[in-house]
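Single-structure report; data block below.
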Protein chains: 4
Amino acid sequence: MAKTMRALCKVRPEPGFELTEVPVPQIGPTGVLIRIEKAGICGTDYHIYAWDQWAQARVRPPCIIGHEFMGRVEAVGEAVRGVRVGDRVSGEGHIADLTCLLCRTGQAHICERLKIIGVDRDGAFAEYIAMPEYNVWRLDPAIPDDVAAVFDPLGNAVHTVMAAGVSTRSVVITGVGSIGLMAIPVARAAGAATVFAIDVNQAKLDLAKRLGADRTFLATQAGIVDEIRALTNGDGVDVLLEMSGSGAAIDSGLQMVRNGGTAALLGIPSDNVNLNLAERIIFKGLTVLGVNGRLMFETWYQTQALVKSGRVDLRSIITHTLPFEEFAEAFELMRTGAAAKIVLDVAGAR
Amino acid sequence: MAKTMRALCKVRPEPGFELTEVPVPQIGPTGVLIRIEKAGICGTDYHIYAWDQWAQARVRPPCIIGHEFMGRVEAVGEAVRGVRVGDRVSGEGHIADLTCLLCRTGQAHICERLKIIGVDRDGAFAEYIAMPEYNVWRLDPAIPDDVAAVFDPLGNAVHTVMAAGVSTRSVVITGVGSIGLMAIPVARAAGAATVFAIDVNQAKLDLAKRLGADRTFLATQAGIVDEIRALTNGDGVDVLLEMSGSGAAIDSGLQMVRNGGTAALLGIPSDNVNLNLAERIIFKGLTVLGVNGRLMFETWYQTQALVKSGRVDLRSIITHTLPFEEFAEAFELMRTGAAAKIVLDVAGAR
Amino acid sequence: MAKTMRALCKVRPEPGFELTEVPVPQIGPTGVLIRIEKAGICGTDYHIYAWDQWAQARVRPPCIIGHEFMGRVEAVGEAVRGVRVGDRVSGEGHIADLTCLLCRTGQAHICERLKIIGVDRDGAFAEYIAMPEYNVWRLDPAIPDDVAAVFDPLGNAVHTVMAAGVSTRSVVITGVGSIGLMAIPVARAAGAATVFAIDVNQAKLDLAKRLGADRTFLATQAGIVDEIRALTNGDGVDVLLEMSGSGAAIDSGLQMVRNGGTAALLGIPSDNVNLNLAERIIFKGLTVLGVNGRLMFETWYQTQALVKSGRVDLRSIITHTLPFEEFAEAFELMRTGAAAKIVLDVAGAR
Amino acid sequence: MAKTMRALCKVRPEPGFELTEVPVPQIGPTGVLIRIEKAGICGTDYHIYAWDQWAQARVRPPCIIGHEFMGRVEAVGEAVRGVRVGDRVSGEGHIADLTCLLCRTGQAHICERLKIIGVDRDGAFAEYIAMPEYNVWRLDPAIPDDVAAVFDPLGNAVHTVMAAGVSTRSVVITGVGSIGLMAIPVARAAGAATVFAIDVNQAKLDLAKRLGADRTFLATQAGIVDEIRALTNGDGVDVLLEMSGSGAAIDSGLQMVRNGGTAALLGIPSDNVNLNLAERIIFKGLTVLGVNGRLMFETWYQTQALVKSGRVDLRSIITHTLPFEEFAEAFELMRTGAAAKIVLDVAGAR
């Protein structure tokens with residue numbers, strides 16, 4: 001086996017990435033080495049590419065980027081029991097300490113000492129990645145490669161939908177970037193009776209409609225709160241899935257939820273949000289859920305069940321597949337908003 | 001308004017019903033008088049018709065039969081606020097005392113002093129029925145009359161499915177009589193990833209398949225438990241919906257559920273059931289739910305949402321619609337098992 | 001029976017109340033007339049007394065004030081079934097429409113058309129009050145009069161504690177006004193392993209300590225977040241019960257909660273609150289619950305169980321009992337903060 | 001370090017145990033070697049001692065017995081991160097595969113491939129035991145040695161109580177063997193408003209009373225169901241904690257639970273149980289929970305919180321502490337029922 005590999009790195013604290021030759025990572029007794037085949041590009045990767053304020057504060061170059069992937073197990077440590085060489089796998093990118101209260105009570109995804117691959121430690125835009133066995137997910141043969149490569153963001157959508165609980169309920173999704181788009185078929189498959197989608201981008205809304213949204217609204221349009229109330233017998237929706245991170249969307253989204261309803265917040269606001277907590281949350285008796293990552297591994301099983309049953313189909317969301325070498329073009333597509341989801345073909349490289 | 005009306009009565013403690021002329025019921029300040037348009041026939045009605053052991057122990061003739069219906073409000077008491085003359089309605093047939101612990105904490109459907117229409121007090125196979133305002137359900141215009149007439153059993157299916165929680169999960173339904181059949185589209189609409197159905201009647205299983213069951217099994221077939229485990233990665237299903245009331249089905253159904261899974265019991269065994277509680281429930285860490293009636297009125301809202309969204313369609317389950325006068329033919333169809341669900345057209349009578 | 005009665009009224013849109021003679025209220029078929037014996041004074045009453053901005057926007061004089069009370073049933077409407085003349089009762093002051101989605105699904109306490117007694121309609125600082133039967137709570141003989149008179153705020157404490165779920169968990173209460181103080185014995189009785197209390201008033205904290213708080217903190221003290229984390233093995237508390245309505249307390253309270261924990265918000269901020277939603281709620285995977293009123297009537301049963309079992313004792317919280325006529329002195333005690341909870345003796349009046 | 005150690009073994013398939021010299025167990029990269037200090041004796045150990053039908057079917061001699069213990073870490077494998085040599089620990093005796101659906105979704109305690117120490121693999125009545133790091137529980141310094149030695153059965157009690165949910169509720173415990181006794185202070189600390197206890201042994205009931213049971217009933221007494229209903233306002237208790245495994249107790253216990261209540265079954269019936277499922281579970285809308293083992297490790301954290309806060313005190317339940325060598329006397333005390341809980345002092349041996 002080769003000792004070096006190609007990897008997309010943030011080499012220096014400045015915009016851009018470089019495709020460089022780096023050592024293949026080592027594994028210990030509980031580690032698994034995975035040969036990457038396909039990898040998805042996330043908005044987070046673009047933040048690191050553009051080297052914005054968040055990235056500057058969080059990422060410590062040099063670092064291999066990328067956290068959405070699928071591939072094949074190349075090697076396993078001596079204490080590994082549940083994964084074998086050759087297994088087709090994806091992986092949970094939240095590496096938890098597995099020893100704290102949270103990790104020991106089913107909440108490893110929000111472990112306080114979490115390291116995220118491609119952000120806090122080396123990532124998946126490379127020929128190989130090393131991970132603890134705990135984080136490796138063996139793929140069902142029924143899951144297509146492209147979908148497997150984006151199980152991470154699809155898992156975000158599933159986690160949010162399942163945390164809120166949508167069965168027989170009406171749902172509004174604020175923000176239909178790639179995860180918001182995925183949330184549409186996920187919510188329908190998980191039992192939502194009605195799905196509304198709101199965004200600032202009409203093209204994304206058109207795609208939302210094709211993916212099963214009952215009604216879509218351009219965020220700049222006046223009177224959406226009233227219209228959504230009118231569409232829900234005057235009550236408001238049962239569930240808000242907030243996937244934009246926009247303070248204005250959070251505020252108006254909370255207004256759309258009926259008293260006693262549920263709001264699941266996945267989008268990350270870049271600034272503080274000014275809220276009328278009394279009117280938006282307290283008097284309404286709302287349940288507001290902060291959602292982060294994916295439950296290990298309940299969300300993964302749920303995601304698999306939804307894809308395997310044919311009830312969630314991402315083909316229209318994965319708009320582009322590009323060779324690893326064309327990463328610059330991929331990030332340009334991200335910048336312009338022309339792509340919904342881009343997958344890099346890493347295995348075909350070299 | 002006429003002072004008498006036609007009603008299908010159990011006149012004497014013996015098999016059969018009679019279409020008799022009886023007084024139109026009176027209402028008090030909180031009562032609602034409903035002119036029946038359509039009414040569904042339930043297995044319970046057949047038990048009373050046939051005057052079996054259960055019926056002899058429970059029903060006190062003379063009594064008007066029937067508890068599934070839809071119609072129009074004819075009159076309301078002076079204290080009625082939420083219902084108006086002319087409203088198109090169905091009704092919850094479980095008349096609770098509304099003053100006890102259960103009624104005051106959202107569990108009126110299992111009030112200890114429950115009276116069921118058509119069983120413990122006069123029912124819906126008549127031109128009029130009187131009910132407390134509390135029990136009247138105003139129908140959304142999008143609900144077809146036939147479906148509205150069977151909201152009661154459909155509600156049983158919805159209550160069972162929602163109590164168990166099927167979103168993203170695998171489900172086995174034991175017993176596909178009319179409620180078991182309804183549970184198939186309900187479970188799929190509520191988010192089930194996979195639905196298996198088991199019954200002794202191949203024709204019902206064929207209908208189950210058309211309604212969306214992924215796989216069906218004749219109950220007499222050998223090795224079903226093993227086969228279902230094989231179809232669920234060796235684990236067993238997440239959820240059992242028991243709708244047969246058969247002791248053997250309960251026992252084998254519990255075997256099909258994975259450790260940590262959920263079993264919702266709706267079917268009523270006529271005798272005691274002999275169970276290996278240690279192996280079937282305790283070691284497995286199962287959650288077993290007794291299900292009765294419908295939540296007032298959470299289940300009704302859920303049922304409405306499922307039908308209104310077009311996600312549950314009962315057209316293939318309502319196999320027969322007959323004029324009120326042909327009730328004898330209807331009960332003969334019930335006896336032979338030739339019908340799935342029969343609706344009586346009461347409004348067209350006279 | 002007399003046709004007029006004495007009542008404490010907000011007569012004109014200006015500060016102060018007047019003890020005036022007004023007609024005894026009438027009841028309809030589902031109404032109950034209650035002769036008030038004791039009534040508790042709430043911070044809300046003081047807001048109306050002082051005629052602050054909130055009161056000016058909400059209250060429409062002339063209006064009888066007061067919403068915490070106990071008394072005896074004087075008369076019942078013809079359709080009343082569950083309450084009899086002479087019954088010793090308290091009452092739920094949230095008068096809901098009982099016909100909407102929320103009322104029909106166990107959430108009448110947040111009905112959108114809610115009228116609160118003593119705020120939106122005539123209240124309990126009077127010799128008589130009229131209420132729908134639905135809102136009347138029959139008192140267990142084991143509940144002392146003084147405690148029965150403050151079941152409303154005690155119910156707020158119970159609702160908040162039970163919504164959060166404190167069994168075996170560590171809890172911080174921010175704000176120990178009268179409801180925050182009540183929440184201490186309630187949380188301990190409901191199973192909290194540890195209770196911390198924070199307030200700006202040292203005298204209230206001393207009382208909190210006597211009521212069972214394990215540790216108390218003056219809100220102005222530096223480093224409370226770190227200290228509470230240190231006391232909880234570095235994790236933070238499992239549960240925040242926010243009872244101050246202070247934006248600063250909400251912000252620091254959320255910091256004290258561990259990842260994956262629960263924050264129940266009962267205190268009403270008078271202004272918008274500026275929050276780092278990403279750090280305080282989303283990344284932490286928090287569950288934030290808006291809490292309003294009391295569940296009808298699950299909270300009332302829980303409150304009764306806690307008091308009746310002797311596990312919650314409010315004697316040290318009810319610091320003053322005054323005759324009805326001395327209401328001005330009572331509101332002066334409210335103003336200075338010298339009282340925790342004041343009960344007015346209405347029956348002894350005249 | 002010594003290469004051999006003393007251990008209490010089931011040497012041959014016949015009644016009795018022998019204190020024999022066996023090799024000290026080896027550990028792999030993820031293993032932990034623990035020097036046992038104290039160990040609790042369980043009813044299961046007595047079944048193996050007596051070599052009853054269950055033991056003959058399950059246990060494969062030669063095997064070291066015992067699954068309740070505390071001690072100090074003697075050595076750790078190279079991949080162990082969360083435990084250090086010298087740590088004071090107890091351990092979860094359910095050794096799961098950690099790779100299956102159940103293990104990956106927070107239900108390792110009911111993994112289908114579970115091996116229980118002292119039953120399916122070598123146990124804790126020995127100078128040393130080897131365990132995977134995953135199963136080791138680091139003890140808080142505030143937990144006394146004796147209590148730490150019985151965290152396993154105490155955890156059964158906590159798991160059952162917390163699964164049922166007792167906060168503000170009324171509870172009946174059927175069967176007050178050592179776990180049933182522990183469940184009394186646990187239920188009270190976890191928030192139960194009222195606790196009733198039923199058993200065939202008056203001495204155990206007397207101890208139950210001292211531990212905080214509000215009322216106790218000799219199981220042979222007539223009319224207990226009616227009496228318990230009378231004590232609960234005619235409704236029945238909210239919660240049954242079944243800890244006897246007796247079919248008759250299960251049947252009458254289910255009768256005592258109110259409609260809509262919860263029954264948690266921990267006791268293991270040795271035979272099938274004949275139940276009127278319709279009357280006992282289905283019409284009542286009961287939730288029946290099979291309970292097995294302890295949640296890894298939510299139950300352990302809850303148990304620790306209850307003991308550490310001083311809210312659960314087991315001193316009156318641990319009736320005997322004996323030197324390791326006097327095991328025969330200990331099992332004789334078990335046989336006669338003279339002991340509630342016995343702890344063996346293993347460290348003092350040799």
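Naming works like this for the structure tokens: A, B, ... for the chains as they're shown, residue 1 at the start of each chain, ligands 1 onward in shown order.
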Legend entry - Residues of chain C within 6 Å of chain A, counting only C-alpha atoms, as JSON, numbers by chain: {"C": [268, 272, 273, 274, 275, 276, 278, 281, 282, 283, 285, 286, 287, 288, 289, 290, 291, 292]}
Practice prompt. Extract, using only C-alpha atoms, all DNA, RNA and protein residues at most 9 Å from B:Ile179, discarding same-chain residues fewer than 6 positions from it, and format them as a list in words.
Written response: Pro153, Leu154, Gly155, Asn156, Ala157 and Met243 of chain B
Checklist entry - What's the 7 Å shell around B:Ile116, counting only C-alpha atoms, without same-chain residues fewer than 3 positions away, as a ChimeraX atom specification? => result /B:93-95,119-121
Polymer residues at most 10 Å from A:Cys63, only C-alpha atoms, same-chain spacing of 3 or more positions, as a CSV table (one decimal) with all heavy atoms, in the first residue's frame:
```
chain,number,residue,atom,x,y,z
A,7,ALA,N,-4.7,14.7,-1.2
A,7,ALA,CA,-5.7,15.2,-0.3
A,7,ALA,C,-5.9,16.7,-0.5
A,7,ALA,O,-5.0,17.4,-0.9
A,7,ALA,CB,-5.3,15.0,1.2
A,8,LEU,N,-7.2,17.1,-0.4
A,8,LEU,CA,-7.5,18.5,-0.5
A,8,LEU,C,-7.3,19.2,0.8
A,8,LEU,O,-8.0,18.9,1.8
A,8,LEU,CB,-9.0,18.6,-1.0
A,8,LEU,CG,-9.4,19.9,-1.7
A,8,LEU,CD1,-8.5,20.2,-2.9
A,8,LEU,CD2,-10.9,19.9,-2.1
A,9,CYS,N,-6.4,20.1,0.9
A,9,CYS,CA,-6.0,20.7,2.1
A,9,CYS,C,-6.2,22.2,2.2
A,9,CYS,O,-6.1,22.9,1.2
A,9,CYS,CB,-4.5,20.4,2.4
A,9,CYS,SG,-4.1,18.7,2.8
A,10,LYS,N,-6.5,22.7,3.4
A,10,LYS,CA,-6.4,24.1,3.7
A,10,LYS,C,-4.9,24.1,4.2
A,10,LYS,O,-4.6,23.7,5.3
A,10,LYS,CB,-7.3,24.5,4.8
A,10,LYS,CG,-7.2,25.8,5.3
A,10,LYS,CD,-7.3,27.0,4.3
A,10,LYS,CE,-8.8,27.2,4.0
A,10,LYS,NZ,-9.0,28.3,3.1
A,11,VAL,N,-4.0,24.6,3.3
A,11,VAL,CA,-2.6,24.6,3.7
A,11,VAL,C,-2.2,25.8,4.5
A,11,VAL,O,-1.5,25.6,5.5
A,11,VAL,CB,-1.7,24.6,2.4
A,11,VAL,CG1,-0.2,24.6,2.7
A,11,VAL,CG2,-2.1,23.4,1.5
A,12,ARG,N,-2.7,26.9,4.2
A,12,ARG,CA,-2.4,28.2,4.9
A,12,ARG,C,-3.6,28.9,5.3
A,12,ARG,O,-4.7,28.8,4.7
A,12,ARG,CB,-1.5,29.1,4.0
A,12,ARG,CG,-0.1,28.7,3.9
A,12,ARG,CD,0.7,29.4,2.8
A,12,ARG,NE,0.0,29.2,1.5
A,12,ARG,CZ,0.3,28.2,0.7
A,12,ARG,NH1,1.3,27.4,1.0
A,12,ARG,NH2,-0.3,28.1,-0.5
A,17,PHE,N,-8.1,26.1,-1.5
A,17,PHE,CA,-7.6,24.8,-1.1
A,17,PHE,C,-6.5,24.4,-2.0
A,17,PHE,O,-6.4,24.9,-3.1
A,17,PHE,CB,-8.7,23.7,-1.2
A,17,PHE,CG,-9.8,23.9,-0.2
A,17,PHE,CD1,-11.1,23.6,-0.5
A,17,PHE,CD2,-9.5,24.3,1.1
A,17,PHE,CE1,-12.1,23.7,0.4
A,17,PHE,CE2,-10.6,24.4,2.1
A,17,PHE,CZ,-11.9,24.1,1.7
A,59,VAL,N,-10.8,26.8,12.3
A,59,VAL,CA,-10.0,25.8,11.6
A,59,VAL,C,-8.5,26.1,11.8
A,59,VAL,O,-8.1,27.3,11.7
A,59,VAL,CB,-10.3,25.7,10.1
A,59,VAL,CG1,-9.4,24.7,9.3
A,59,VAL,CG2,-11.8,25.4,9.9
A,60,ARG,N,-7.7,25.1,12.0
A,60,ARG,CA,-6.2,25.3,12.2
A,60,ARG,C,-5.4,24.6,11.1
A,60,ARG,O,-5.2,23.5,11.2
A,60,ARG,CB,-5.8,24.7,13.6
A,60,ARG,CG,-6.4,25.4,14.8
A,60,ARG,CD,-5.7,26.7,15.2
A,60,ARG,NE,-6.6,27.6,15.9
A,60,ARG,CZ,-7.3,28.6,15.4
A,60,ARG,NH1,-7.3,28.8,14.1
A,60,ARG,NH2,-8.1,29.3,16.1
A,66,GLY,N,-13.4,18.2,4.4
A,66,GLY,CA,-14.4,17.3,3.9
A,66,GLY,C,-14.9,16.4,5.0
A,66,GLY,O,-14.1,15.8,5.7
A,117,ILE,N,-14.5,15.8,11.7
A,117,ILE,CA,-13.5,15.6,10.6
A,117,ILE,C,-13.7,16.7,9.6
A,117,ILE,O,-14.8,17.2,9.3
A,117,ILE,CB,-13.7,14.2,10.0
A,117,ILE,CG1,-15.1,14.0,9.3
A,117,ILE,CG2,-13.5,13.0,11.0
A,117,ILE,CD1,-15.3,12.8,8.4
A,118,GLY,N,-12.6,17.0,9.0
A,118,GLY,CA,-12.6,18.1,8.0
A,118,GLY,C,-12.7,19.5,8.6
A,118,GLY,O,-12.7,20.5,7.8
A,119,VAL,N,-12.8,19.6,9.9
A,119,VAL,CA,-12.9,20.9,10.5
A,119,VAL,C,-11.9,21.0,11.6
A,119,VAL,O,-11.0,21.8,11.7
A,119,VAL,CB,-14.3,21.1,11.1
A,119,VAL,CG1,-14.4,22.4,11.9
A,119,VAL,CG2,-15.4,21.1,10.0
A,120,ASP,N,-12.0,20.0,12.6
A,120,ASP,CA,-11.1,20.0,13.8
A,120,ASP,C,-10.0,18.9,13.6
A,120,ASP,O,-9.0,19.0,14.4
A,120,ASP,CB,-11.9,19.7,15.0
A,120,ASP,CG,-13.1,20.6,15.2
A,120,ASP,OD1,-12.8,21.8,15.2
A,120,ASP,OD2,-14.2,20.1,15.4
A,121,ARG,N,-10.2,18.0,12.7
A,121,ARG,CA,-9.1,17.0,12.4
A,121,ARG,C,-9.2,16.6,10.9
A,121,ARG,O,-10.2,17.0,10.3
A,121,ARG,CB,-9.2,15.8,13.3
A,121,ARG,CG,-10.6,15.2,13.4
A,121,ARG,CD,-10.7,14.0,14.3
A,121,ARG,NE,-10.2,12.8,13.6
A,121,ARG,CZ,-10.0,11.6,14.2
A,121,ARG,NH1,-10.2,11.5,15.5
A,121,ARG,NH2,-9.7,10.5,13.5
A,122,ASP,N,-8.3,15.9,10.4
A,122,ASP,CA,-8.2,15.6,9.0
A,122,ASP,C,-9.5,15.0,8.5
A,122,ASP,O,-10.1,14.1,9.2
A,122,ASP,CB,-7.0,14.8,8.7
A,122,ASP,CG,-5.7,15.6,8.6
A,122,ASP,OD1,-5.9,16.8,8.4
A,122,ASP,OD2,-4.7,15.0,8.8
A,123,GLY,N,-9.9,15.4,7.3
A,123,GLY,CA,-11.2,15.0,6.7
A,123,GLY,C,-11.2,14.0,5.6
A,123,GLY,O,-10.2,13.3,5.4
```
As a ChimeraX atom specification, please: every residue in stretch 296-334 of chain B that a backbone DSSP assignment puts in strand (DSSP E or B). /B:318-323
Please, could you write that set of residues out with all heavy atoms as an mmCIF file, in the first residue's frame?
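Output below, filename part.cif:
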```cif
data_model
loop_
_atom_site.group_PDB
_atom_site.id
_atom_site.type_symbol
_atom_site.label_atom_id
_atom_site.label_comp_id
_atom_site.auth_asym_id
_atom_site.auth_seq_id
_atom_site.Cartn_x
_atom_site.Cartn_y
_atom_site.Cartn_z
ATOM 1 N N ILE B 318 -64.029 0.176 1.392
ATOM 2 C CA ILE B 318 -65.499 0.248 1.467
ATOM 3 C C ILE B 318 -66.048 -0.483 0.248
ATOM 4 O O ILE B 318 -66.237 0.082 -0.822
ATOM 5 C CB ILE B 318 -65.974 1.712 1.509
ATOM 6 C CG1 ILE B 318 -65.355 2.413 2.733
ATOM 7 C CG2 ILE B 318 -67.514 1.789 1.563
ATOM 8 C CD1 ILE B 318 -65.583 3.908 2.793
ATOM 9 N N THR B 319 -66.256 -1.770 0.436
ATOM 10 C CA THR B 319 -66.605 -2.634 -0.703
ATOM 11 C C THR B 319 -68.084 -2.572 -1.072
ATOM 12 O O THR B 319 -68.450 -2.895 -2.199
ATOM 13 C CB THR B 319 -66.226 -4.100 -0.404
ATOM 14 O OG1 THR B 319 -66.771 -4.444 0.876
ATOM 15 C CG2 THR B 319 -64.724 -4.287 -0.398
ATOM 16 N N HIS B 320 -68.944 -2.169 -0.120
ATOM 17 C CA HIS B 320 -70.372 -2.168 -0.391
ATOM 18 C C HIS B 320 -71.059 -0.952 0.230
ATOM 19 O O HIS B 320 -70.746 -0.578 1.355
ATOM 20 C CB HIS B 320 -71.050 -3.414 0.207
ATOM 21 C CG HIS B 320 -70.547 -4.712 -0.347
ATOM 22 N ND1 HIS B 320 -69.325 -5.249 -0.016
ATOM 23 C CD2 HIS B 320 -71.119 -5.586 -1.227
ATOM 24 C CE1 HIS B 320 -69.150 -6.396 -0.644
ATOM 25 N NE2 HIS B 320 -70.223 -6.632 -1.390
ATOM 26 N N THR B 321 -72.009 -0.367 -0.510
ATOM 27 C CA THR B 321 -72.915 0.638 0.052
ATOM 28 C C THR B 321 -74.345 0.177 -0.245
ATOM 29 O O THR B 321 -74.688 -0.086 -1.402
ATOM 30 C CB THR B 321 -72.673 2.027 -0.565
ATOM 31 O OG1 THR B 321 -71.312 2.386 -0.337
ATOM 32 C CG2 THR B 321 -73.578 3.079 0.067
ATOM 33 N N LEU B 322 -75.154 0.047 0.806
ATOM 34 C CA LEU B 322 -76.504 -0.504 0.656
ATOM 35 C C LEU B 322 -77.537 0.439 1.255
ATOM 36 O O LEU B 322 -77.240 1.160 2.208
ATOM 37 C CB LEU B 322 -76.608 -1.855 1.388
ATOM 38 C CG LEU B 322 -75.754 -3.003 0.855
ATOM 39 C CD1 LEU B 322 -75.866 -4.205 1.790
ATOM 40 C CD2 LEU B 322 -76.226 -3.391 -0.556
ATOM 41 N N PRO B 323 -78.770 0.428 0.711
ATOM 42 C CA PRO B 323 -79.831 1.218 1.354
ATOM 43 C C PRO B 323 -80.120 0.648 2.742
ATOM 44 O O PRO B 323 -79.961 -0.558 2.976
ATOM 45 C CB PRO B 323 -81.049 1.027 0.434
ATOM 46 C CG PRO B 323 -80.549 0.333 -0.774
ATOM 47 C CD PRO B 323 -79.244 -0.305 -0.461
#
```
| field | Expected answer as a count of residues only: alpha helix (DSSP H) residues in stretch 48-221 of chain D | value | 49
Env of D:Gly236: 9 Å cut, atoms = only C-alpha atoms, seq-sep filter 4 positions within chain, self excluded. Answer as a list in words.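 Counting only the stated atoms, we get Ser170, Val225, Asp226, Ile228, Arg229, Ala230, Leu231, Thr232, Gln255, Met256, Val257, Arg258, Asn259 and Gly261 of chain D.
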Interatomic distance (Å, one decimal) between atom CA of C:Thr30 and atom CA of B:Gly28:
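The value is 11.4 Å.
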Selection near C:Glu37, 8 Å with only C-alpha atoms, sequence-local residues under 6 positions removed, as a list in words:
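That gives Phe69, Met70, Gly71, Arg72, Glu127, Asp345, Val346, Ala347 and Gly348 of chain C.
The shell of residues at most 7 Å from A:Val166, with only C-alpha atoms counted and near chain neighbours (fewer than 5 positions) removed, consists of Val161, Ala187, Ala190, Gly191 and Ala192 of chain A.
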* **Counting only C-alpha atoms, the residue of D:Arg294, D:Arg138, D:Arg210, D:Arg335 that sits nearest D:Thr44** =>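 Using only C-alpha atoms, the shortest distance to D:Thr44 belongs to D:Arg335.
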Minimum-distance residue to B:Ala55, chosen among B:Ala96, B:Gly43, B:Glu18, B:Thr168 (using only C-alpha atoms) =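 Nearest to B:Ala55: B:Gly43.
For the set D:Met5, D:Val239, D:Cys103, D:Ile48, the residue with the smallest atom-to-atom gap to D:Ala164 is D:Val239, counting only C-alpha atoms.
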